[in-house]
Amino acid sequence: MLPIMEHAAYKKMKTRLLIERCLEKSFPAWGEFARRYGPLIEFSAKRALSKYPHTGINESVKDVRQNILTSLWSDGKLAEIKNRQSIKYWLVIISRNAAIDHLRRQEKNILIKDGAFFEKLPMRETVDEKESQNTRYLKKKIKDAYKFFAPKEKIIFNLYFEKRLKAKEIAEMLNIAIGNVTSAAAKIRKKIHRKI
(Lines give C-alpha, C1' and ligand atoms only; values in the text may rest on other atoms or scores of the structure.)
Protein backbone atom coordinates (compact mmCIF):
# COMPACT_ATOMS: atom_id res chain seq x y z
CA MET A 1 0.00 0.00 0.00
CA LEU A 2 1.27 3.46 -0.90
CA PRO A 3 1.92 6.03 1.78
CA ILE A 4 -0.81 8.63 2.37
CA MET A 5 1.44 11.34 0.99
CA GLU A 6 1.65 9.60 -2.38
CA HIS A 7 -2.14 9.22 -2.56
CA ALA A 8 -2.50 12.94 -1.80
CA ALA A 9 -0.17 13.74 -4.71
CA TYR A 10 -2.65 12.16 -7.14
CA LYS A 11 -5.44 14.47 -5.94
CA LYS A 12 -3.42 17.50 -7.05
CA MET A 13 -2.15 15.90 -10.26
CA LYS A 14 -3.04 17.55 -13.57
CA THR A 15 -5.42 15.61 -15.80
CA ARG A 16 -2.82 14.91 -18.49
CA LEU A 17 -0.41 13.34 -16.00
CA LEU A 18 -3.20 11.45 -14.23
CA ILE A 19 -4.24 9.87 -17.54
CA GLU A 20 -0.64 8.88 -18.25
CA ARG A 21 -0.44 7.17 -14.84
CA CYS A 22 -3.77 5.45 -15.53
CA LEU A 23 -2.44 4.15 -18.85
CA GLU A 24 0.55 2.77 -16.91
CA LYS A 25 -2.03 0.84 -14.82
CA SER A 26 -1.30 2.68 -11.56
CA PHE A 27 -3.99 1.64 -9.03
CA PRO A 28 -3.82 4.90 -7.04
CA ALA A 29 -4.16 6.86 -10.29
CA TRP A 30 -7.23 4.84 -11.25
CA GLY A 31 -8.69 5.40 -7.81
CA GLU A 32 -8.25 9.14 -8.23
CA PHE A 33 -9.63 9.00 -11.79
CA ALA A 34 -12.78 7.22 -10.54
CA ARG A 35 -13.15 9.70 -7.66
CA ARG A 36 -12.67 12.70 -9.96
CA TYR A 37 -14.75 11.62 -12.95
CA GLY A 38 -17.14 8.97 -11.61
CA PRO A 39 -19.82 11.55 -10.68
CA LEU A 40 -19.72 13.06 -14.20
CA ILE A 41 -20.08 9.59 -15.75
CA GLU A 42 -23.05 8.84 -13.47
CA PHE A 43 -24.70 12.21 -14.13
CA SER A 44 -24.36 11.84 -17.91
CA ALA A 45 -25.61 8.24 -17.87
CA LYS A 46 -28.57 9.19 -15.67
CA ARG A 47 -29.54 12.02 -18.02
CA ALA A 48 -29.45 9.64 -20.99
CA LEU A 49 -31.44 6.94 -19.17
CA SER A 50 -34.04 9.35 -17.80
CA LYS A 51 -35.13 10.16 -21.35
CA TYR A 52 -36.76 6.75 -21.55
CA PRO A 53 -39.46 5.11 -19.41
CA HIS A 54 -37.24 2.82 -17.42
CA THR A 55 -37.36 1.16 -14.05
CA GLY A 56 -34.32 0.64 -11.84
CA ILE A 57 -32.52 3.68 -13.23
CA ASN A 58 -30.15 3.96 -10.26
CA GLU A 59 -29.00 0.36 -10.65
CA SER A 60 -28.51 0.91 -14.38
CA VAL A 61 -26.46 4.06 -13.74
CA LYS A 62 -24.17 2.13 -11.40
CA ASP A 63 -23.81 -0.64 -13.99
CA VAL A 64 -22.99 1.87 -16.73
CA ARG A 65 -20.42 3.64 -14.54
CA GLN A 66 -18.76 0.35 -13.64
CA ASN A 67 -18.74 -0.83 -17.26
CA ILE A 68 -17.15 2.42 -18.43
CA LEU A 69 -14.45 2.41 -15.77
CA THR A 70 -13.73 -1.27 -16.38
CA SER A 71 -13.52 -0.70 -20.11
CA LEU A 72 -11.22 2.29 -19.69
CA TRP A 73 -8.96 0.22 -17.43
CA SER A 74 -8.85 -3.06 -19.35
CA ASP A 75 -8.98 -1.76 -22.94
CA GLY A 76 -6.72 1.30 -22.49
CA LYS A 77 -9.36 3.53 -24.10
CA LEU A 78 -7.96 6.63 -22.43
CA ALA A 79 -5.19 6.50 -25.04
CA GLU A 80 -7.83 7.53 -27.64
CA ILE A 81 -8.18 10.99 -26.12
CA LYS A 82 -6.22 13.51 -28.17
CA ASN A 83 -6.91 16.58 -26.06
CA ARG A 84 -6.59 15.27 -22.55
CA GLN A 85 -7.57 18.56 -20.93
CA SER A 86 -11.00 18.13 -22.58
CA ILE A 87 -11.67 14.72 -21.07
CA LYS A 88 -15.00 15.86 -19.60
CA TYR A 89 -16.54 16.32 -23.04
CA TRP A 90 -15.28 12.90 -24.10
CA LEU A 91 -16.65 11.25 -20.95
CA VAL A 92 -20.08 12.83 -21.44
CA ILE A 93 -20.28 11.32 -24.93
CA ILE A 94 -19.09 7.83 -23.97
CA SER A 95 -21.37 7.84 -20.92
CA ARG A 96 -24.39 8.68 -23.06
CA ASN A 97 -23.44 5.99 -25.57
CA ALA A 98 -22.82 3.40 -22.84
CA ALA A 99 -26.21 4.20 -21.28
CA ILE A 100 -27.96 3.68 -24.62
CA ASP A 101 -26.04 0.42 -25.17
CA HIS A 102 -27.06 -0.70 -21.69
CA LEU A 103 -30.72 -0.01 -22.48
CA ARG A 104 -30.42 -1.88 -25.74
CA ARG A 105 -29.12 -4.91 -23.90
CA GLN A 106 -31.47 -4.70 -20.92
CA GLU A 107 -34.64 -3.17 -22.34
CA LYS A 108 -34.97 -4.15 -26.00
CA ASN A 109 -38.70 -3.50 -25.91
CA ILE A 110 -38.25 0.04 -24.59
CA LEU A 111 -35.49 1.11 -26.95
CA ILE A 112 -36.11 -0.49 -30.32
CA LYS A 113 -33.80 1.89 -32.14
CA ASP A 114 -31.60 4.76 -30.96
CA GLY A 115 -28.59 4.86 -33.23
CA ALA A 116 -28.13 8.64 -33.14
CA PHE A 117 -29.50 11.90 -31.88
CA PHE A 118 -31.38 12.32 -35.15
CA GLU A 119 -33.94 9.53 -34.97
CA LYS A 120 -37.30 9.71 -36.68
CA LEU A 121 -39.85 11.66 -34.73
CA PRO A 122 -42.46 9.53 -32.94
CA MET A 123 -45.28 9.05 -35.41
CA ARG A 124 -48.51 10.89 -34.74
CA GLU A 125 -51.76 9.20 -35.62
CA THR A 126 -52.45 11.74 -38.37
CA VAL A 127 -49.45 13.36 -39.98
CA ASP A 128 -49.84 15.57 -43.00
CA GLU A 129 -47.47 14.43 -45.80
CA LYS A 130 -46.18 17.97 -46.41
CA GLU A 131 -45.44 18.44 -42.71
CA SER A 132 -43.63 15.10 -42.72
CA GLN A 133 -41.50 16.18 -45.71
CA ASN A 134 -40.64 19.48 -44.03
CA THR A 135 -39.62 17.69 -40.85
CA ARG A 136 -37.38 15.28 -42.78
CA TYR A 137 -35.85 18.20 -44.70
CA LEU A 138 -35.12 20.17 -41.51
CA LYS A 139 -33.68 17.14 -39.73
CA LYS A 140 -31.41 16.44 -42.71
CA LYS A 141 -30.17 20.04 -42.74
CA ILE A 142 -29.52 19.96 -38.98
CA LYS A 143 -27.69 16.66 -39.36
CA ASP A 144 -25.56 18.17 -42.15
CA ALA A 145 -24.70 21.17 -39.98
CA TYR A 146 -23.90 18.90 -37.01
CA LYS A 147 -21.09 17.22 -38.97
CA PHE A 148 -19.21 20.53 -39.05
CA PHE A 149 -19.63 21.46 -35.38
CA ALA A 150 -16.52 21.59 -33.21
CA PRO A 151 -16.41 18.84 -30.52
CA LYS A 152 -17.47 21.31 -27.83
CA GLU A 153 -20.38 22.51 -30.00
CA LYS A 154 -21.56 18.92 -30.49
CA ILE A 155 -21.68 18.44 -26.72
CA ILE A 156 -23.55 21.72 -26.22
CA PHE A 157 -25.96 20.86 -29.06
CA ASN A 158 -26.72 17.46 -27.57
CA LEU A 159 -27.21 18.75 -24.03
CA TYR A 160 -28.89 22.10 -24.77
CA PHE A 161 -31.00 21.41 -27.86
CA GLU A 162 -31.56 17.64 -27.72
CA LYS A 163 -31.70 16.99 -23.97
CA ARG A 164 -33.10 20.48 -23.26
CA LEU A 165 -30.91 21.07 -20.22
CA LYS A 166 -30.61 24.60 -18.89
CA ALA A 167 -27.40 26.54 -19.55
CA LYS A 168 -26.68 26.57 -15.82
CA GLU A 169 -26.96 22.75 -15.60
CA ILE A 170 -24.63 22.30 -18.57
CA ALA A 171 -22.14 24.79 -17.17
CA GLU A 172 -22.06 22.94 -13.85
CA MET A 173 -21.81 19.54 -15.51
CA LEU A 174 -18.93 20.55 -17.80
CA ASN A 175 -17.32 22.93 -15.30
CA ILE A 176 -17.43 25.93 -17.65
CA ALA A 177 -18.94 29.41 -17.43
CA ILE A 178 -22.64 29.85 -18.26
CA GLY A 179 -21.62 32.50 -20.80
CA ASN A 180 -19.60 29.89 -22.68
CA VAL A 181 -22.68 27.67 -22.93
CA THR A 182 -24.99 30.46 -24.17
CA SER A 183 -22.33 31.72 -26.59
CA ALA A 184 -21.83 28.22 -28.03
CA ALA A 185 -25.62 27.78 -28.33
CA ALA A 186 -25.87 31.07 -30.28
CA LYS A 187 -23.07 29.99 -32.65
CA ILE A 188 -24.81 26.65 -33.19
CA ARG A 189 -28.09 28.40 -34.06
CA LYS A 190 -26.27 30.58 -36.63
CA LYS A 191 -24.61 27.55 -38.22
CA ILE A 192 -27.94 25.74 -38.49
CA HIS A 193 -29.70 28.80 -39.94
CA ARG A 194 -26.96 29.11 -42.57
CA LYS A 195 -27.59 25.50 -43.63
CA ILE A 196 -31.36 26.00 -43.74
# chains A, B, ... in the order shown; residues from 1 in each chain; ligands from 1
$ residues_around --residues "A:Ser60" --least-positions-apart "3" --cutoff "9 Å" --atoms "only C-alpha atoms" --output "ChimeraX atom specification"
/A:45-46,49,55-57,63-65,99,102-103
$ residues_around --residues "A:Leu174" --least-positions-apart "3" --cutoff "9 Å" --atoms "only C-alpha atoms" --output "list in words"
Leu40, Lys88, Tyr89, Val92, Glu169, Ile170, Ala171 and Ala177 of chain A
$ atom_distance --atom1 "atom CA of A:Arg35" --atom2 "atom CA of A:Ile100"
23.3 Å
$ residues_around --residues "A:Arg16" --least-positions-apart "6" --cutoff "12 Å" --atoms "only C-alpha atoms" --output "tab-separated table (two decimals) with N, CA and C atoms, in the first residue's frame"
chain	number	residue	atom	x	y	z
A	10	TYR	N	-1.78	12.42	-6.00
A	10	TYR	CA	-2.65	12.16	-7.14
A	10	TYR	C	-3.84	13.11	-7.16
A	22	CYS	N	-2.71	6.45	-15.35
A	22	CYS	CA	-3.77	5.45	-15.53
A	22	CYS	C	-3.39	4.47	-16.64
A	23	LEU	N	-2.85	5.00	-17.74
A	23	LEU	CA	-2.44	4.15	-18.85
A	23	LEU	C	-1.28	3.22	-18.46
A	29	ALA	N	-3.71	5.93	-9.25
A	29	ALA	CA	-4.16	6.86	-10.29
A	29	ALA	C	-5.59	6.53	-10.72
A	33	PHE	N	-8.85	8.78	-10.57
A	33	PHE	CA	-9.63	9.00	-11.79
A	33	PHE	C	-11.12	8.72	-11.52
A	78	LEU	N	-8.38	5.24	-22.70
A	78	LEU	CA	-7.96	6.63	-22.43
A	78	LEU	C	-6.91	7.09	-23.44
A	79	ALA	N	-6.21	6.15	-24.05
A	79	ALA	CA	-5.19	6.50	-25.04
A	79	ALA	C	-5.81	7.15	-26.27
A	81	ILE	N	-7.91	9.57	-26.32
A	81	ILE	CA	-8.18	10.99	-26.12
A	81	ILE	C	-7.00	11.81	-26.64
A	82	LYS	N	-7.28	12.67	-27.62
A	82	LYS	CA	-6.22	13.51	-28.17
A	82	LYS	C	-5.97	14.72	-27.29
A	83	ASN	N	-7.04	15.41	-26.93
A	83	ASN	CA	-6.91	16.58	-26.06
A	83	ASN	C	-7.29	16.18	-24.65
A	84	ARG	N	-6.32	15.84	-23.86
A	84	ARG	CA	-6.59	15.27	-22.55
A	84	ARG	C	-7.12	16.28	-21.54
A	85	GLN	N	-6.99	17.55	-21.82
A	85	GLN	CA	-7.57	18.56	-20.93
A	85	GLN	C	-9.08	18.64	-21.14
A	86	SER	N	-9.57	18.10	-22.27
A	86	SER	CA	-11.00	18.13	-22.58
A	86	SER	C	-11.66	16.79	-22.31
A	87	ILE	N	-11.16	16.07	-21.35
A	87	ILE	CA	-11.67	14.72	-21.07
A	87	ILE	C	-13.14	14.73	-20.66
$ closest_residue --among "A:Glu172, A:Glu153, A:Glu42, A:Glu20" --to "A:Leu69" --atoms "only C-alpha atoms"
A:Glu42
$ atom_distance --atom1 "atom CA of A:Tyr160" --atom2 "atom CA of A:Lys195"
19.2 Å
$ atom_distance --atom1 "atom CA of A:Gln66" --atom2 "atom CA of A:Lys51"
20.6 Å
$ decode --residues "stretch 12-62 of chain A" --atoms "N, CA and C atoms" --output "tab-separated table (two decimals), in the first residue's frame"
chain	number	residue	atom	x	y	z
A	12	LYS	N	-3.84	16.22	-6.50
A	12	LYS	CA	-3.42	17.50	-7.05
A	12	LYS	C	-2.88	17.38	-8.47
A	13	MET	N	-2.76	16.16	-8.96
A	13	MET	CA	-2.15	15.90	-10.26
A	13	MET	C	-3.00	16.45	-11.39
A	14	LYS	N	-2.35	17.04	-12.39
A	14	LYS	CA	-3.04	17.55	-13.57
A	14	LYS	C	-3.62	16.37	-14.36
A	15	THR	N	-4.70	16.65	-15.07
A	15	THR	CA	-5.42	15.61	-15.80
A	15	THR	C	-4.51	14.84	-16.74
A	16	ARG	N	-3.69	15.56	-17.51
A	16	ARG	CA	-2.82	14.91	-18.49
A	16	ARG	C	-1.92	13.88	-17.84
A	17	LEU	N	-1.30	14.26	-16.71
A	17	LEU	CA	-0.41	13.34	-16.00
A	17	LEU	C	-1.19	12.19	-15.36
A	18	LEU	N	-2.37	12.50	-14.84
A	18	LEU	CA	-3.20	11.45	-14.23
A	18	LEU	C	-3.55	10.38	-15.26
A	19	ILE	N	-3.91	10.82	-16.47
A	19	ILE	CA	-4.24	9.87	-17.54
A	19	ILE	C	-3.03	9.02	-17.90
A	20	GLU	N	-1.87	9.65	-17.96
A	20	GLU	CA	-0.64	8.88	-18.25
A	20	GLU	C	-0.41	7.81	-17.19
A	21	ARG	N	-0.61	8.15	-15.92
A	21	ARG	CA	-0.44	7.17	-14.84
A	21	ARG	C	-1.49	6.06	-14.95
A	22	CYS	N	-2.71	6.45	-15.35
A	22	CYS	CA	-3.77	5.45	-15.53
A	22	CYS	C	-3.39	4.47	-16.64
A	23	LEU	N	-2.85	5.00	-17.74
A	23	LEU	CA	-2.44	4.15	-18.85
A	23	LEU	C	-1.28	3.22	-18.46
A	24	GLU	N	-0.52	3.63	-17.45
A	24	GLU	CA	0.55	2.77	-16.91
A	24	GLU	C	0.00	1.78	-15.90
A	25	LYS	N	-1.32	1.76	-15.72
A	25	LYS	CA	-2.03	0.84	-14.82
A	25	LYS	C	-1.69	1.07	-13.35
A	26	SER	N	-1.54	2.33	-12.96
A	26	SER	CA	-1.30	2.68	-11.56
A	26	SER	C	-2.65	2.63	-10.81
A	27	PHE	N	-2.74	1.76	-9.80
A	27	PHE	CA	-3.99	1.64	-9.03
A	27	PHE	C	-4.37	2.94	-8.32
A	28	PRO	N	-3.43	3.63	-7.67
A	28	PRO	CA	-3.82	4.90	-7.04
A	28	PRO	C	-4.31	5.93	-8.05
A	29	ALA	N	-3.71	5.93	-9.25
A	29	ALA	CA	-4.16	6.86	-10.29
A	29	ALA	C	-5.59	6.53	-10.72
A	30	TRP	N	-5.89	5.24	-10.87
A	30	TRP	CA	-7.23	4.84	-11.25
A	30	TRP	C	-8.23	5.17	-10.15
A	31	GLY	N	-7.81	5.02	-8.91
A	31	GLY	CA	-8.69	5.40	-7.81
A	31	GLY	C	-9.03	6.88	-7.86
A	32	GLU	N	-8.03	7.70	-8.13
A	32	GLU	CA	-8.25	9.14	-8.23
A	32	GLU	C	-9.10	9.47	-9.46
A	33	PHE	N	-8.85	8.78	-10.57
A	33	PHE	CA	-9.63	9.00	-11.79
A	33	PHE	C	-11.12	8.72	-11.52
A	34	ALA	N	-11.39	7.59	-10.86
A	34	ALA	CA	-12.78	7.22	-10.54
A	34	ALA	C	-13.41	8.23	-9.59
A	35	ARG	N	-12.64	8.71	-8.61
A	35	ARG	CA	-13.15	9.70	-7.66
A	35	ARG	C	-13.46	11.02	-8.38
A	36	ARG	N	-12.56	11.41	-9.28
A	36	ARG	CA	-12.67	12.70	-9.96
A	36	ARG	C	-13.76	12.70	-11.03
A	37	TYR	N	-13.86	11.62	-11.79
A	37	TYR	CA	-14.75	11.62	-12.95
A	37	TYR	C	-15.96	10.68	-12.83
A	38	GLY	N	-16.00	9.85	-11.80
A	38	GLY	CA	-17.14	8.97	-11.61
A	38	GLY	C	-18.46	9.71	-11.53
A	39	PRO	N	-18.54	10.81	-10.76
A	39	PRO	CA	-19.82	11.55	-10.68
A	39	PRO	C	-20.29	12.10	-12.04
A	40	LEU	N	-19.35	12.56	-12.88
A	40	LEU	CA	-19.72	13.06	-14.20
A	40	LEU	C	-20.27	11.92	-15.07
A	41	ILE	N	-19.62	10.76	-15.00
A	41	ILE	CA	-20.08	9.59	-15.75
A	41	ILE	C	-21.50	9.22	-15.30
A	42	GLU	N	-21.72	9.18	-13.99
A	42	GLU	CA	-23.05	8.84	-13.47
A	42	GLU	C	-24.10	9.86	-13.88
A	43	PHE	N	-23.76	11.14	-13.77
A	43	PHE	CA	-24.70	12.21	-14.13
A	43	PHE	C	-25.09	12.11	-15.60
A	44	SER	N	-24.10	11.91	-16.47
A	44	SER	CA	-24.36	11.84	-17.91
A	44	SER	C	-25.19	10.60	-18.25
A	45	ALA	N	-24.85	9.48	-17.63
A	45	ALA	CA	-25.61	8.24	-17.87
A	45	ALA	C	-27.05	8.40	-17.39
A	46	LYS	N	-27.23	9.01	-16.23
A	46	LYS	CA	-28.57	9.19	-15.67
A	46	LYS	C	-29.42	10.08	-16.57
A	47	ARG	N	-28.82	11.13	-17.11
A	47	ARG	CA	-29.54	12.02	-18.02
A	47	ARG	C	-29.99	11.25	-19.26
A	48	ALA	N	-29.09	10.42	-19.79
A	48	ALA	CA	-29.45	9.64	-20.99
A	48	ALA	C	-30.55	8.63	-20.67
A	49	LEU	N	-30.45	7.96	-19.54
A	49	LEU	CA	-31.44	6.94	-19.17
A	49	LEU	C	-32.79	7.55	-18.82
A	50	SER	N	-32.78	8.74	-18.24
A	50	SER	CA	-34.04	9.35	-17.80
A	50	SER	C	-34.91	9.79	-18.98
A	51	LYS	N	-34.36	9.79	-20.16
A	51	LYS	CA	-35.13	10.16	-21.35
A	51	LYS	C	-36.15	9.08	-21.70
A	52	TYR	N	-35.93	7.88	-21.20
A	52	TYR	CA	-36.76	6.75	-21.55
A	52	TYR	C	-37.53	6.24	-20.33
A	53	PRO	N	-38.73	5.69	-20.54
A	53	PRO	CA	-39.46	5.11	-19.41
A	53	PRO	C	-38.73	3.85	-18.97
A	54	HIS	N	-38.14	3.90	-17.83
A	54	HIS	CA	-37.24	2.82	-17.42
A	54	HIS	C	-37.31	2.64	-15.92
A	55	THR	N	-37.37	1.41	-15.48
A	55	THR	CA	-37.36	1.16	-14.05
A	55	THR	C	-35.96	0.77	-13.63
A	56	GLY	N	-35.64	1.00	-12.36
A	56	GLY	CA	-34.32	0.64	-11.84
A	56	GLY	C	-33.21	1.50	-12.40
A	57	ILE	N	-33.50	2.79	-12.61
A	57	ILE	CA	-32.52	3.68	-13.23
A	57	ILE	C	-31.23	3.77	-12.42
A	58	ASN	N	-31.35	3.82	-11.09
A	58	ASN	CA	-30.15	3.96	-10.26
A	58	ASN	C	-29.23	2.76	-10.39
A	59	GLU	N	-29.81	1.57	-10.45
A	59	GLU	CA	-29.00	0.36	-10.65
A	59	GLU	C	-28.32	0.40	-12.02
A	60	SER	N	-29.07	0.83	-13.03
A	60	SER	CA	-28.51	0.91	-14.38
A	60	SER	C	-27.37	1.91	-14.44
A	61	VAL	N	-27.52	3.04	-13.76
A	61	VAL	CA	-26.46	4.06	-13.74
A	61	VAL	C	-25.19	3.48	-13.13
A	62	LYS	N	-25.34	2.75	-12.04
A	62	LYS	CA	-24.17	2.13	-11.40
A	62	LYS	C	-23.52	1.11	-12.33
